[in-house]
Structures are given as structure tokens and as C-alpha cells.
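For reference, the structure is listed below as C-alpha cells.
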Amino acid sequence: MKDIREIKDYQIVLLGIIIALGAVLSTFILSHAVVSYQKLQNQTLTVTGSASQKIKSDIAVWKAYYEVRSKDLKSGYDKINADKIAVKEFLTTNGMKEEDIRFTPVSSYPVYKKLSNGYDSNDVDGYRLSQNVEVSSKDVETVTKISQDVVKLVDKNVEVTSNTVEYFVSNLDELKIQMLAAATKDAKQRAQSMAKSTGGHIGAMSSAKMGVFQIVAKDSTDVSDYGIYNTNAKDKKINAVVNATFTIK
């Protein structure tokens, strides 16, 4: 009878071990299935969308300065005031409105006589005076023509130095919003195409980050991580890039 009880006890222990191992195994299988399900649920797809649009500048800015050299300040100021009148007349005669023209205050500084060793002495040899003028207008073509005809001031004995015209876009903030929306739409279309090729579907967009945004000349292929704003070209192209992440169903 003792042996029979020992066999029964052994069978009970063995059955307990089997049940315990089965419970552990089933728990592992279940947890593994949950992890796999979570991984499937957390799958995402990150794509880059882009958009571009050609635009024309609607603001032109032209800057120049003229200078005078004189033995004394009075004659120097008389000359530079006469030059200012000549510059203003040149601009208004060629189509600029007075409210689009801005003159800075006159700058003046002494010019010293040179010593035999090439250094400046303490003796004043004369004065140099200069004044800046800036034109800003939406009449882009007129400003461009003025910058090209500025040599006519030289014929009037005005010692003028001209800068290149800068061209800007007035509604840039509005265009930026539109272009980023178009780039985001392009990113979604790319994500849909990629997911469809593998039999999946995209869900909601989980994140989006603006990439490079730049304004370049219309035929330019320049790209910069910091962005570009070309002010030399009248005809421009806006490029916008968006990096978007979508969930996968």
C-alpha cells in the first residue's frame, strides 16, 4: 500500500509540473502575441513631400550713394545739397513717386594731409561728404530702368555709386503657408502610394516637420540646409519641403 501511495504522490507532482509548464508556455505565447499586435499597431511610415511654384517679384529696392570732396565744409554741403536736388529730379522725372524715395542724413569726415612716411598728419587737407538714397517701389520695371540709367547723373557732375537692384515678394508669409500645405499633401500622396504597394493603408498623420524652404531664381537648382532667399532675380521659384509621418493600418 505504501508503494501505491508513493506512485500516486509522484503522479500528482508530475501532473502539477506539467500544468505549471503549460501555464508558463501559454502566458509566453499570449504575451508574444500581444507584443506582435502592438508592434503592428505602432508601425509608421515617414515620407518627404515637396512643392514648388514660380513667382514674380512685386517689390524692387535700389540703393545708391553719392559723395563730394571739398576743401571746406560749407562748400562741401552746398555741393552735396545740389547733388541731392539733381538725384531727386532724376528719380521723379523717370517715374518715381516722392514717397518712394528716402535720403539718409549727410555724413562728413575730415581728410588729413599725408606725411612723407605715408601716415596721416594732424593737418586737415579737406573734407569728404556722402549721402545715401534708397528707392523702394512696387513698380519693379521702373526701378530696374532707373538703376540702368543712373549714368545720366554722372553727366550732371554727380559722383554716384549704384548698387544692384534687390527684388522681393510682398506676400511671402501667405505663400509660405500655401506651399507648406501643398508639400504636406504631396507627402500624403507619396505615403498612400508606398503603403498601397505593400497591401497596406495609411492612417492619421502623427507628426510633420518643415524641411528646407527657399526662394531661388526660377531656373536655379541651388539647395541649402539653411534656406535661400535670392534677391537678385525678378523671376523666382519657391521650394518647400515637409517631412511627415503616418500610421499604417
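Residues are referred to by chain and number: the chain letter is A, B, ... according to the order shown in the C-alpha cells, the number counts from 1 in that chain, and ligands are numbered separately from 1 in the order shown.
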Selection near Gly126 of chain A, 7 Å with only C-alpha atoms, sequence-local residues under 5 positions removed, as a list in words:
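In the requested form, the answer reads Ser70, Lys71, Asp72, Pro110 and Val111 of chain A.
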Within segment 56-194 of chain A, find each residue whose DSSP state, derived from the backbone, is strand (DSSP E or B), and express the selection as number ranges by chain.
A: 56, 59-70, 101-103, 107-114, 120-137, 160-162, 166-168
For Thr161 of chain A, list every protein, DNA or RNA residue within 8 Å, evaluated using only C-alpha atoms, and leave out those in the same chain fewer than 2 positions away; present the list as a PyMOL selection string.
chain A and resi 64-66+159+163
Skipping near chain neighbours, those fewer than 5 positions away, what residues fall within 8 Å of Gln53 of chain A using only C-alpha atoms, listed as a PyMOL selection string?
chain A and resi 179+237-239
Using C-alpha atoms, can you write the selected residues to a file as a PDB file, in the first residue's frame?
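This is the output file selection-v5.pdb:
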```pdb
ATOM      1  CA  MET A 179       3.441  75.956 -50.218  1.00  0.00           C
ATOM      2  CA  LYS A 237      10.800  79.893 -57.685  1.00  0.00           C
ATOM      3  CA  ILE A 238       9.621  78.857 -54.232  1.00  0.00           C
ATOM      4  CA  ASN A 239      10.591  75.385 -52.993  1.00  0.00           C
TER       5      ASN A 239
END
```
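With distances restricted to only C-alpha atoms, A:Ser50 is the closest residue to Lys188 of chain A from A:Ser50, A:Tyr127, A:Lys234, A:Lys79.
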Among segment 140-238 of chain A, which residues carry a DSSP assignment of helix (DSSP H, G or I), reported as a PyMOL selection string?
chain A and resi 140-148+151-155+172-197
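Remark: for Lys185 of chain A, the closest of the candidate residues A:Val242, A:Val151, A:Pro105, A:Leu115 is A:Val242 (distances computed over only C-alpha atoms).
Reported to one decimal place, the separation of atom CA of Ile59 of chain A from atom CA of Val160 of chain A is 23.0 Å.
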Selected residue of minimal separation from Ala181 of chain A among A:Lys218, A:Trp62, A:Val106, A:Ala244, counting only C-alpha atoms
A:Ala244
Near-segment 85-87 of chain A list (8 Å; only C-alpha atoms; drop same-chain fewer than 3 positions) as a list of chain:residue names:
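The residues that qualify are A:Asn81, A:Ala82, A:Phe90, A:Leu91, A:Leu153, A:Lys156, A:Val158.
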Selection above as a file: C-alpha atoms, as a CSV table (one decimal), in the first residue's frame:
```csv
chain,number,residue,atom,x,y,z
A,81,ASN,CA,22.7,119.6,-51.4
A,82,ALA,CA,22.9,120.5,-55.1
A,90,PHE,CA,16.4,112.3,-61.9
A,91,LEU,CA,14.2,109.9,-59.9
A,153,LEU,CA,23.7,111.5,-63.1
A,156,LYS,CA,25.4,116.1,-64.3
A,158,VAL,CA,27.1,113.8,-59.5
```
Which residue of A:Asp125, A:Ser136, A:Tyr119, A:Lys63 approaches Val150 of chain A most closely, using only C-alpha atoms:
A:Lys63
Near Thr231 of chain A, counting only C-alpha atoms, which residues have an atom at most 12 Å away, once you skip same-chain residues fewer than 3 positions from it, shown as a PDB file with N, CA and C atoms, in the first residue's frame?
```
ATOM      1  N   LYS A  56       6.725  85.995 -59.500  1.00  0.00           N
ATOM      2  CA  LYS A  56       7.412  87.207 -59.916  1.00  0.00           C
ATOM      3  C   LYS A  56       7.530  88.158 -58.726  1.00  0.00           C
ATOM      4  N   SER A  57       8.666  88.801 -58.605  1.00  0.00           N
ATOM      5  CA  SER A  57       8.859  89.777 -57.535  1.00  0.00           C
ATOM      6  C   SER A  57       7.931  90.965 -57.762  1.00  0.00           C
ATOM      7  N   ASP A  58       7.380  91.502 -56.668  1.00  0.00           N
ATOM      8  CA  ASP A  58       6.493  92.651 -56.806  1.00  0.00           C
ATOM      9  C   ASP A  58       6.987  93.869 -56.025  1.00  0.00           C
ATOM     10  N   ILE A  59       8.202  93.785 -55.506  1.00  0.00           N
ATOM     11  CA  ILE A  59       8.832  94.938 -54.851  1.00  0.00           C
ATOM     12  C   ILE A  59      10.290  95.006 -55.304  1.00  0.00           C
ATOM     13  N   ALA A  60      10.718  96.203 -55.683  1.00  0.00           N
ATOM     14  CA  ALA A  60      12.112  96.412 -56.077  1.00  0.00           C
ATOM     15  C   ALA A  60      12.724  97.483 -55.179  1.00  0.00           C
ATOM     16  N   VAL A  61      13.945  97.244 -54.739  1.00  0.00           N
ATOM     17  CA  VAL A  61      14.660  98.202 -53.880  1.00  0.00           C
ATOM     18  C   VAL A  61      16.005  98.506 -54.524  1.00  0.00           C
ATOM     19  N   TRP A  62      16.263  99.797 -54.738  1.00  0.00           N
ATOM     20  CA  TRP A  62      17.537 100.232 -55.322  1.00  0.00           C
ATOM     21  C   TRP A  62      18.202 101.216 -54.369  1.00  0.00           C
ATOM     22  N   THR A 164      23.256  97.042 -56.978  1.00  0.00           N
ATOM     23  CA  THR A 164      22.321  96.269 -57.799  1.00  0.00           C
ATOM     24  C   THR A 164      20.925  96.320 -57.176  1.00  0.00           C
ATOM     25  N   VAL A 165      19.920  96.201 -58.003  1.00  0.00           N
ATOM     26  CA  VAL A 165      18.537  96.208 -57.520  1.00  0.00           C
ATOM     27  C   VAL A 165      18.242  94.893 -56.793  1.00  0.00           C
ATOM     28  N   GLU A 166      17.520  95.011 -55.679  1.00  0.00           N
ATOM     29  CA  GLU A 166      17.077  93.822 -54.948  1.00  0.00           C
ATOM     30  C   GLU A 166      15.572  93.644 -55.176  1.00  0.00           C
ATOM     31  N   TYR A 167      15.176  92.394 -55.385  1.00  0.00           N
ATOM     32  CA  TYR A 167      13.775  92.080 -55.693  1.00  0.00           C
ATOM     33  C   TYR A 167      13.191  91.201 -54.586  1.00  0.00           C
ATOM     34  N   PHE A 168      11.989  91.579 -54.131  1.00  0.00           N
ATOM     35  CA  PHE A 168      11.340  90.880 -53.022  1.00  0.00           C
ATOM     36  C   PHE A 168       9.903  90.510 -53.378  1.00  0.00           C
ATOM     37  N   VAL A 169       9.329  89.640 -52.534  1.00  0.00           N
ATOM     38  CA  VAL A 169       7.930  89.202 -52.681  1.00  0.00           C
ATOM     39  C   VAL A 169       7.168  89.704 -51.463  1.00  0.00           C
ATOM     40  N   GLN A 214      12.899  77.666 -49.459  1.00  0.00           N
ATOM     41  CA  GLN A 214      13.800  78.619 -50.086  1.00  0.00           C
ATOM     42  C   GLN A 214      13.196  79.258 -51.326  1.00  0.00           C
ATOM     43  N   ILE A 215      13.717  80.447 -51.629  1.00  0.00           N
ATOM     44  CA  ILE A 215      13.307  81.192 -52.814  1.00  0.00           C
ATOM     45  C   ILE A 215      14.560  81.394 -53.663  1.00  0.00           C
ATOM     46  N   VAL A 216      14.540  80.839 -54.843  1.00  0.00           N
ATOM     47  CA  VAL A 216      15.705  80.877 -55.722  1.00  0.00           C
ATOM     48  C   VAL A 216      15.302  81.464 -57.073  1.00  0.00           C
ATOM     49  N   ALA A 217      16.297  81.709 -57.929  1.00  0.00           N
ATOM     50  CA  ALA A 217      15.997  82.131 -59.296  1.00  0.00           C
ATOM     51  C   ALA A 217      15.212  81.022 -59.986  1.00  0.00           C
ATOM     52  N   LYS A 218      14.359  81.384 -60.935  1.00  0.00           N
ATOM     53  CA  LYS A 218      13.383  80.436 -61.475  1.00  0.00           C
ATOM     54  C   LYS A 218      13.998  79.180 -62.071  1.00  0.00           C
ATOM     55  N   ILE A 228      17.365  79.581 -48.710  1.00  0.00           N
ATOM     56  CA  ILE A 228      17.909  80.618 -49.583  1.00  0.00           C
ATOM     57  C   ILE A 228      16.814  81.623 -49.885  1.00  0.00           C
ATOM     58  N   LYS A 234      14.396  88.767 -60.646  1.00  0.00           N
ATOM     59  CA  LYS A 234      12.988  89.201 -60.636  1.00  0.00           C
ATOM     60  C   LYS A 234      12.058  87.996 -60.665  1.00  0.00           C
ATOM     61  N   ASP A 235      12.381  87.030 -61.515  1.00  0.00           N
ATOM     62  CA  ASP A 235      11.578  85.813 -61.629  1.00  0.00           C
ATOM     63  C   ASP A 235      12.155  84.754 -60.705  1.00  0.00           C
ATOM     64  N   LYS A 236      11.340  84.286 -59.783  1.00  0.00           N
ATOM     65  CA  LYS A 236      11.823  83.382 -58.743  1.00  0.00           C
ATOM     66  C   LYS A 236      11.028  82.078 -58.730  1.00  0.00           C
ATOM     67  N   LYS A 237      11.497  81.160 -57.912  1.00  0.00           N
ATOM     68  CA  LYS A 237      10.800  79.893 -57.685  1.00  0.00           C
ATOM     69  C   LYS A 237      10.855  79.579 -56.195  1.00  0.00           C
TER      70      LYS A 237
END
```
Quick one: distance from atom CA of Val47 of chain A to atom CA of Leu175 of chain A in Å, one decimal?
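Rounded to one decimal, the two atoms are 22.5 Å apart.
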Separation of atom CA of Lys54 of chain A from atom CA of Ala208 of chain A, in Å and rounded to one decimal
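Answer for the atom CA of Lys54 of chain A to atom CA of Ala208 of chain A separation: 24.5 Å.
Of the listed residues A:Leu45, A:Leu129, A:Ala51, A:Leu172, the one whose atoms come nearest to Ser75 of chain A is A:Leu129, with distances taken using only C-alpha atoms.
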Contacts of Gly211 of chain A at 10 Å or less, counting only C-alpha atoms, minus same-chain residues fewer than 4 places along, as a VMD selection string?
chain A and resid 48 to 50 180 183 225 to 227 240 to 244
